[in-house]
Every structure is written in C-alpha cells, then in structure tokens.
file model.json (JSON, C-alpha atoms)
[["chain", "number", "residue", "atom", "x", "y", "z"],
["A", 157, "MET", "CA", -37.20, -50.01, 32.46],
["A", 158, "ASN", "CA", -40.64, -51.47, 33.22],
["A", 159, "MET", "CA", -42.02, -54.52, 31.40],
["A", 160, "ARG", "CA", -44.26, -52.55, 29.03],
["A", 161, "ASN", "CA", -41.36, -50.29, 28.01],
["A", 162, "GLN", "CA", -39.10, -53.32, 27.60],
["A", 163, "ASP", "CA", -41.74, -55.00, 25.40],
["A", 164, "THR", "CA", -42.04, -51.93, 23.15],
["A", 165, "ARG", "CA", -38.25, -51.61, 22.85],
["A", 166, "SER", "CA", -37.98, -55.33, 22.07],
["A", 167, "GLN", "CA", -40.76, -55.02, 19.48],
["A", 168, "ILE", "CA", -38.85, -52.24, 17.72],
["A", 169, "LEU", "CA", -35.61, -54.24, 17.76],
["A", 170, "THR", "CA", -37.23, -57.50, 16.63],
["A", 171, "THR", "CA", -39.05, -55.79, 13.78],
["A", 172, "GLY", "CA", -35.93, -53.83, 12.92],
["A", 173, "ARG", "CA", -33.80, -56.96, 12.80],
["A", 174, "ARG", "CA", -36.17, -58.53, 10.28],
["A", 175, "LEU", "CA", -36.37, -55.39, 8.13],
["A", 176, "THR", "CA", -32.63, -54.63, 8.35],
["A", 177, "ALA", "CA", -31.83, -58.18, 7.26],
["A", 178, "LYS", "CA", -34.03, -57.62, 4.22],
["A", 179, "HIS", "CA", -33.32, -53.97, 3.31],
["A", 180, "GLY", "CA", -30.01, -53.17, 5.02],
["A", 181, "TYR", "CA", -29.46, -50.42, 7.56],
["A", 182, "ILE", "CA", -29.36, -47.51, 5.11],
["A", 183, "GLY", "CA", -32.29, -48.86, 3.10],
["A", 184, "LEU", "CA", -34.54, -49.11, 6.15],
["A", 185, "GLY", "CA", -36.51, -45.92, 6.57],
["A", 186, "LEU", "CA", -37.70, -44.98, 10.03],
["A", 187, "GLY", "CA", -41.29, -44.67, 8.77],
["A", 188, "ILE", "CA", -41.31, -48.27, 7.53],
["A", 189, "LEU", "CA", -39.83, -49.53, 10.80],
["A", 190, "LEU", "CA", -42.38, -47.69, 12.94],
["A", 191, "LYS", "CA", -45.31, -48.77, 10.76],
["A", 192, "GLU", "CA", -44.24, -52.43, 10.83],
["A", 193, "ALA", "CA", -43.59, -52.32, 14.59],
["A", 194, "SER", "CA", -46.90, -50.45, 15.20],
["A", 195, "VAL", "CA", -45.06, -47.85, 17.25],
["A", 196, "PRO", "CA", -45.56, -44.07, 17.09],
["A", 197, "LYS", "CA", -42.56, -41.90, 16.20],
["A", 198, "GLY", "CA", -42.45, -40.35, 19.68],
["A", 199, "SER", "CA", -42.11, -43.79, 21.24],
["A", 200, "PHE", "CA", -39.12, -44.57, 19.04],
["A", 201, "TYR", "CA", -37.28, -41.52, 20.34],
["A", 202, "HIS", "CA", -38.20, -42.46, 23.90],
["A", 203, "TYR", "CA", -36.04, -45.58, 23.51],
["A", 204, "PHE", "CA", -33.43, -44.44, 20.98],
["A", 205, "ALA", "CA", -31.91, -40.96, 20.73],
["A", 206, "SER", "CA", -31.30, -41.36, 16.98],
["A", 207, "LYS", "CA", -31.32, -43.90, 14.18],
["A", 208, "GLU", "CA", -27.63, -44.51, 14.93],
["A", 209, "ALA", "CA", -28.43, -45.23, 18.60],
["A", 210, "TYR", "CA", -31.09, -47.65, 17.37],
["A", 211, "GLY", "CA", -28.50, -49.25, 15.04],
["A", 212, "CYS", "CA", -26.10, -49.69, 17.96],
["A", 213, "ALA", "CA", -28.84, -51.30, 20.07],
["A", 214, "LEU", "CA", -29.79, -53.57, 17.16],
["A", 215, "LEU", "CA", -26.19, -54.75, 16.76],
["A", 216, "GLU", "CA", -25.68, -55.19, 20.52],
["A", 217, "ASP", "CA", -28.84, -57.31, 20.62],
["A", 218, "PHE", "CA", -27.61, -59.39, 17.67],
["A", 219, "VAL", "CA", -24.11, -59.84, 19.16],
["A", 220, "GLN", "CA", -25.62, -61.01, 22.47],
["A", 221, "GLU", "CA", -27.87, -63.53, 20.72],
["A", 222, "TYR", "CA", -24.97, -64.67, 18.54],
["A", 223, "ARG", "CA", -22.73, -65.04, 21.62],
["A", 224, "GLU", "CA", -25.25, -67.46, 23.14],
["A", 225, "ARG", "CA", -25.58, -69.48, 19.93],
["A", 226, "LEU", "CA", -21.82, -69.51, 19.46],
["A", 227, "GLY", "CA", -21.35, -70.85, 22.96],
["A", 228, "SER", "CA", -23.74, -73.73, 22.34],
["A", 229, "LEU", "CA", -22.10, -74.59, 18.99],
["A", 230, "LEU", "CA", -18.48, -74.47, 20.09],
["A", 231, "THR", "CA", -18.82, -75.98, 23.56],
["A", 232, "HIS", "CA", -20.95, -79.03, 22.73],
["A", 233, "SER", "CA", -19.41, -81.51, 25.17],
["A", 234, "ALA", "CA", -20.34, -84.65, 23.20],
["A", 235, "LEU", "CA", -18.24, -83.60, 20.18],
["A", 236, "ASP", "CA", -14.50, -83.26, 19.74],
["A", 237, "ALA", "CA", -13.09, -79.79, 19.05],
["A", 238, "ARG", "CA", -12.46, -80.32, 15.32],
["A", 239, "THR", "CA", -16.05, -81.49, 14.80],
["A", 240, "ARG", "CA", -17.33, -78.45, 16.76],
["A", 241, "PHE", "CA", -15.11, -76.08, 14.76],
["A", 242, "LEU", "CA", -16.32, -77.45, 11.42],
["A", 243, "ALA", "CA", -19.94, -77.58, 12.65],
["A", 244, "TYR", "CA", -19.78, -73.85, 13.34],
["A", 245, "PHE", "CA", -18.96, -73.19, 9.68],
["A", 246, "GLU", "CA", -21.49, -75.75, 8.43],
["A", 247, "ASP", "CA", -24.10, -73.83, 10.43],
["A", 248, "TRP", "CA", -22.80, -70.56, 8.92],
["A", 249, "HIS", "CA", -23.18, -72.05, 5.43],
["A", 250, "GLN", "CA", -26.75, -73.18, 6.10],
["A", 251, "LYS", "CA", -27.77, -69.84, 7.58],
["A", 252, "GLN", "CA", -26.27, -67.85, 4.68],
["A", 253, "ILE", "CA", -28.23, -69.85, 2.09],
["A", 254, "SER", "CA", -31.47, -69.74, 4.04],
["A", 255, "PRO", "CA", -34.40, -68.21, 2.12],
["A", 256, "ASN", "CA", -35.16, -66.24, 5.29],
["A", 257, "PRO", "CA", -32.95, -63.09, 5.38],
["A", 258, "GLU", "CA", -33.23, -63.01, 9.20],
["A", 259, "ASP", "CA", -31.25, -66.24, 9.44],
["A", 260, "ARG", "CA", -28.24, -64.65, 7.76],
["A", 261, "CYS", "CA", -25.45, -63.01, 9.71],
["A", 262, "LEU", "CA", -25.91, -59.28, 10.31],
["A", 263, "VAL", "CA", -22.11, -58.90, 10.51],
["A", 264, "VAL", "CA", -21.89, -60.02, 6.89],
["A", 265, "ARG", "CA", -24.89, -57.91, 5.90],
["A", 266, "LEU", "CA", -23.87, -54.68, 7.61],
["A", 267, "SER", "CA", -20.05, -54.63, 7.75],
["A", 268, "ALA", "CA", -19.45, -52.70, 4.55],
["A", 269, "GLU", "CA", -22.58, -50.60, 5.04],
["A", 270, "VAL", "CA", -21.72, -49.16, 8.46],
["A", 271, "ALA", "CA", -17.91, -49.07, 8.16],
["A", 272, "ASP", "CA", -17.84, -45.41, 7.11],
["A", 273, "LEU", "CA", -21.24, -44.49, 8.47],
["A", 274, "SER", "CA", -20.95, -44.94, 12.23],
["A", 275, "ALA", "CA", -17.83, -45.35, 14.37],
["A", 276, "ASP", "CA", -19.98, -46.67, 17.24],
["A", 277, "MET", "CA", -21.70, -49.31, 15.11],
["A", 278, "SER", "CA", -18.36, -50.31, 13.58],
["A", 279, "LYS", "CA", -16.89, -50.73, 17.06],
["A", 280, "ILE", "CA", -19.74, -53.04, 18.11],
["A", 281, "LEU", "CA", -19.19, -55.16, 15.00],
["A", 282, "GLN", "CA", -15.42, -55.23, 15.57],
["A", 283, "LEU", "CA", -15.83, -56.35, 19.17],
["A", 284, "GLY", "CA", -18.32, -59.02, 18.09],
["A", 285, "VAL", "CA", -15.91, -60.31, 15.44],
["A", 286, "ALA", "CA", -13.01, -60.33, 17.93],
["A", 287, "GLU", "CA", -15.12, -62.38, 20.33],
["A", 288, "VAL", "CA", -15.99, -64.93, 17.63],
["A", 289, "VAL", "CA", -12.34, -65.25, 16.60],
["A", 290, "ALA", "CA", -11.35, -65.73, 20.27],
["A", 291, "HIS", "CA", -13.91, -68.57, 20.59],
["A", 292, "LEU", "CA", -12.64, -70.17, 17.39],
["A", 293, "THR", "CA", -9.04, -69.85, 18.60],
["A", 294, "LYS", "CA", -9.92, -71.53, 21.89],
["A", 295, "THR", "CA", -11.63, -74.37, 20.01],
["A", 296, "LEU", "CA", -8.54, -74.90, 17.84],
["A", 297, "GLU", "CA", -6.33, -74.93, 20.94],
["A", 298, "GLN", "CA", -8.62, -77.48, 22.60],
["A", 299, "GLY", "CA", -8.49, -79.64, 19.47],
["A", 300, "ILE", "CA", -4.70, -79.56, 19.36],
["A", 301, "ALA", "CA", -4.52, -80.41, 23.09],
["A", 302, "GLU", "CA", -6.97, -83.32, 22.82],
["A", 303, "GLY", "CA", -5.50, -84.61, 19.54],
["A", 304, "SER", "CA", -8.53, -84.11, 17.28],
["A", 305, "ILE", "CA", -6.65, -81.38, 15.35],
["A", 306, "ASP", "CA", -3.11, -81.69, 14.06],
["A", 307, "SER", "CA", -0.54, -79.15, 15.25],
["A", 308, "ILE", "CA", -1.07, -75.54, 14.09],
["A", 309, "ASP", "CA", 1.75, -73.02, 14.59],
["A", 310, "ASP", "CA", -0.48, -70.04, 15.39],
["A", 311, "PRO", "CA", -4.09, -70.98, 16.24],
["A", 312, "ALA", "CA", -5.13, -67.34, 16.69],
["A", 313, "ALA", "CA", -3.87, -66.33, 13.25],
["A", 314, "MET", "CA", -5.47, -69.42, 11.71],
["A", 315, "ALA", "CA", -8.85, -68.72, 13.36],
["A", 316, "GLU", "CA", -8.76, -65.10, 12.18],
["A", 317, "MET", "CA", -7.77, -66.05, 8.63],
["A", 318, "ILE", "CA", -10.52, -68.68, 8.35],
["A", 319, "TYR", "CA", -13.12, -66.28, 9.75],
["A", 320, "HIS", "CA", -12.09, -63.61, 7.25],
["A", 321, "GLN", "CA", -12.22, -66.19, 4.46],
["A", 322, "TRP", "CA", -15.82, -66.98, 5.41],
["A", 323, "LEU", "CA", -16.79, -63.30, 5.51],
["A", 324, "GLY", "CA", -15.44, -62.89, 1.98],
["A", 325, "ALA", "CA", -17.08, -66.08, 0.76],
["A", 326, "SER", "CA", -20.41, -64.92, 2.20],
["A", 327, "LEU", "CA", -20.18, -61.57, 0.41],
["A", 328, "VAL", "CA", -19.35, -63.23, -2.92],
["A", 329, "ALA", "CA", -22.15, -65.77, -2.40],
["A", 330, "SER", "CA", -24.59, -62.89, -1.80],
["A", 331, "LEU", "CA", -23.45, -61.14, -4.97],
["A", 332, "SER", "CA", -23.62, -64.27, -7.12],
["A", 333, "HIS", "CA", -26.73, -65.80, -5.49],
["A", 334, "ASP", "CA", -24.79, -69.07, -5.44],
["A", 335, "ASP", "CA", -23.34, -70.97, -2.51],
["A", 336, "ALA", "CA", -20.26, -72.15, -4.45],
["A", 337, "PRO", "CA", -17.99, -69.69, -2.54],
["A", 338, "LEU", "CA", -19.26, -71.12, 0.75],
["A", 339, "ARG", "CA", -18.69, -74.69, -0.41],
["A", 340, "SER", "CA", -15.19, -73.69, -1.47],
["A", 341, "ALA", "CA", -14.57, -72.06, 1.93],
["A", 342, "MET", "CA", -15.66, -75.27, 3.66],
["A", 343, "LYS", "CA", -13.23, -77.37, 1.60],
["A", 344, "ALA", "CA", -10.41, -74.95, 2.38],
["A", 345, "THR", "CA", -11.31, -74.94, 6.09],
["A", 346, "LYS", "CA", -11.19, -78.73, 6.26],
["A", 347, "ARG", "CA", -7.76, -78.70, 4.58],
["A", 348, "LEU", "CA", -6.46, -76.00, 6.91],
["A", 349, "ILE", "CA", -7.65, -77.87, 10.02],
["A", 350, "PRO", "CA", -6.35, -81.41, 9.49],
["A", 351, "PRO", "CA", -7.43, -84.12, 11.92],
["A", 352, "GLY", "CA", -4.89, -85.14, 14.56]]
call {"tool": "encode", "arguments": {"input": "model.json", "output": "structure tokens"}}
result
Amino acid sequence: MNMRNQDTRSQILTTGRRLTAKHGYIGLGLGILLKEASVPKGSFYHYFASKEAYGCALLEDFVQEYRERLGSLLTHSALDARTRFLAYFEDWHQKQISPNPEDRCLVVRLSAEVADLSADMSKILQLGVAEVVAHLTKTLEQGIAEGSIDSIDDPAAMAEMIYHQWLGASLVASLSHDDAPLRSAMKATKRLIPPG
C-alpha cells in the first residue's frame, strides 16, 4: 500500500476511532464517518470490504496501540511489579473518567455491542483481552518472584478475575456517570494483591 493510500486508510481509522468512542459502533453511520474523514464512499470500499471489515481494522488498530501502551506500563524497569500492576489500573481509572471519549477503552465500549453482531470483531476483542490478562499474569508472577507481591496460589486466575472486575466496574461507572465503581475496584485490587 503506497503512502497516500496508507494516509487515507489511517484518516478513516483515526476519525472512526473518535466517532466510535462517542457514538458506539452501531450508532456510527457510514455517512457521518465519511463526511468527518473527508473521504468519498468509493474510497471507503477501496480500503474496507464492508462496515464489519472496517470494524475489524479499527479494533486491530486499537489492540496494537493498546499493546504498545500496555508494554510501557507493565515493564517500567524503575518500578517493582506490584507498583506497575496497580499503576496499570490507576491509568485505567483515569482514562475511563476522562471527559474525552477517545481516551476510554474501546474494549469496554464495544464488548457488549459487538458480541452478537460480528464473530470476527468478537474474536479480535477476545484475543486482545487474553493478551492483556497474560501481561497482567506475568507481572504478578514477577512480583511474587521479586517479593513485592505476597504469594498468590493462581496468578493467572487472579489476573483474569481482576481484569473482569474492572470491565464490570467500568460498565457500571458508565451507566451511573460516577467513578465510585472504579474506586471500589481499585480498593479491591489492592486488597487482592497484598505487598510481599
């Protein structure tokens, strides 16, 4: 793909990310997306075979960006593993309460929306979640090994449970327009991951 084509595709995805964060996937009409991105309809179909193919590309782009951010949060060499683990969820909290919808996690925003809509989009989200849980598990294991986290019988199950807790807290916080569920999730996370 040449640079001009890549720029147009990126423009569609960047604009789409902003609009999807605000309106959701179902609520985003193709006409609005194309108008905001200043792209003709024919160009859209040059890059994406359908709205679902566009949705898959949007999620793949988000997962890649998230993977890079996750790596920098959970591998910060100056911090012990427990501090890195908790910092990840502090960052989650701050992003979920941001006034800018683009800062919020698309996994939280789109999980329920695409679950029954698109098997391909659901698979991308599932793989992204599995990757996050694997990173969190590794961080817990590092913390136990270095002594910053007290012994945990099953770090993988703990990482998955905490991640699911945060997904639920984020959904309730969105419904209530209050970050109390996120604050509660942080307290629970600190209790579940005692210092070594």
call {"tool": "residues_around", "arguments": {"input": "model.json", "residues": "A:Ser330", "least_positions_apart": "6", "cutoff": "12 Å", "atoms": "all atoms listed in the file", "output": "list in words"}}
result
His249, Gln252, Ile253, Ser254, Pro255, Pro257, Arg260, Cys261, Val264, Arg265, Leu323, Gly324, Ala336, Pro337 and Leu338 of chain A
call {"tool": "residues_around", "arguments": {"input": "model.json", "residues": "A:His291", "least_positions_apart": "2", "cutoff": "9 Å", "atoms": "all atoms listed in the file", "output": "compact mmCIF listing (two decimals) with C-alpha atoms, in the coordinates of the input"}}
result
# COMPACT_ATOMS: atom_id res chain seq x y z
CA LEU A 226 -21.82 -69.51 19.46
CA GLY A 227 -21.35 -70.85 22.96
CA LEU A 230 -18.48 -74.47 20.09
CA ALA A 286 -13.01 -60.33 17.93
CA GLU A 287 -15.12 -62.38 20.33
CA VAL A 288 -15.99 -64.93 17.63
CA VAL A 289 -12.34 -65.25 16.60
CA THR A 293 -9.04 -69.85 18.60
CA LYS A 294 -9.92 -71.53 21.89
CA THR A 295 -11.63 -74.37 20.01
CA LEU A 296 -8.54 -74.90 17.84
CA ALA A 315 -8.85 -68.72 13.36
call {"tool": "closest_atom_pairs", "arguments": {"input": "model.json", "of": "stretch 196-266 of chain A", "to": "stretch 171-183 of chain A", "cutoff": "10 Å", "atoms": "all atoms listed in the file", "output": "Markdown table"}}
result
| residue | atom | partner | partner_atom | distance |
| --- | --- | --- | --- | --- |
| A:Lys207 | CA | A:Tyr181 | CA | 9.5 |
| A:Glu208 | CA | A:Tyr181 | CA | 9.6 |
| A:Tyr210 | CA | A:Gly172 | CA | 9.0 |
| A:Gly211 | CA | A:Tyr181 | CA | 7.6 |
| A:Leu214 | CA | A:Arg173 | CA | 6.8 |
| A:Leu215 | CA | A:Arg173 | CA | 8.9 |
| A:Asp217 | CA | A:Arg173 | CA | 9.3 |
| A:Phe218 | CA | A:Arg173 | CA | 8.2 |
| A:Asn256 | CA | A:Lys178 | CA | 8.8 |
| A:Pro257 | CA | A:Ala177 | CA | 5.4 |
| A:Glu258 | CA | A:Ala177 | CA | 5.4 |
| A:Asp259 | CA | A:Ala177 | CA | 8.4 |
| A:Arg260 | CA | A:Ala177 | CA | 7.4 |
| A:Cys261 | CA | A:Ala177 | CA | 8.4 |
| A:Leu262 | CA | A:Ala177 | CA | 6.7 |
| A:Arg265 | CA | A:Gly180 | CA | 7.0 |
| A:Leu266 | CA | A:Gly180 | CA | 6.8 |
call {"tool": "axis_aligned_box", "arguments": {"input": "model.json", "around": "stretch 244-248 of chain A", "padding_each_side": "6 Å", "output": "lines of an AutoDock Vina configuration file"}}
result
center_x = -21.5
center_y = -73.2
center_z = 10.9
size_x = 17.1
size_y = 17.2
size_z = 16.9
call {"tool": "closest_residue", "arguments": {"input": "model.json", "among": "A:Ala313, A:Ala268, A:Leu273, A:Leu242", "to": "A:Ala290", "atoms": "all atoms listed in the file"}}
result
A:Ala313
call {"tool": "closest_residue", "arguments": {"input": "model.json", "among": "A:Ser233, A:Ser274, A:Thr164, A:Ser228", "to": "A:Ala193", "atoms": "all atoms listed in the file"}}
result
A:Thr164
call {"tool": "atom_distance", "arguments": {"input": "model.json", "atom1": "atom CA of A:Arg347", "atom2": "atom CA of A:Arg223"}}
result
26.5 Å
call {"tool": "residues_around", "arguments": {"input": "model.json", "residues": "A:Met314", "least_positions_apart": "2", "cutoff": "10 Å", "atoms": "only C-alpha atoms", "output": "count of residues only"}}
result
17
call {"tool": "residues_around", "arguments": {"input": "model.json", "residues": "A:Met342", "least_positions_apart": "4", "cutoff": "8 Å", "atoms": "all atoms listed in the file", "output": "list in words"}}
result
Phe245, Glu246, Leu338 and Lys346 of chain A
call {"tool": "atom_distance", "arguments": {"input": "model.json", "atom1": "atom CA of A:Gln282", "atom2": "atom CA of A:Ala209"}}
result
16.7 Å
call {"tool": "closest_residue", "arguments": {"input": "model.json", "among": "A:Val328, A:Glu302, A:Asp272, A:Asp247", "to": "A:Arg225", "atoms": "all atoms listed in the file"}}
result
A:Asp247
call {"tool": "closest_residue", "arguments": {"input": "model.json", "among": "A:Asp236, A:Gly352, A:Lys197, A:Lys191", "to": "A:Gly303", "atoms": "all atoms listed in the file"}}
result
A:Gly352
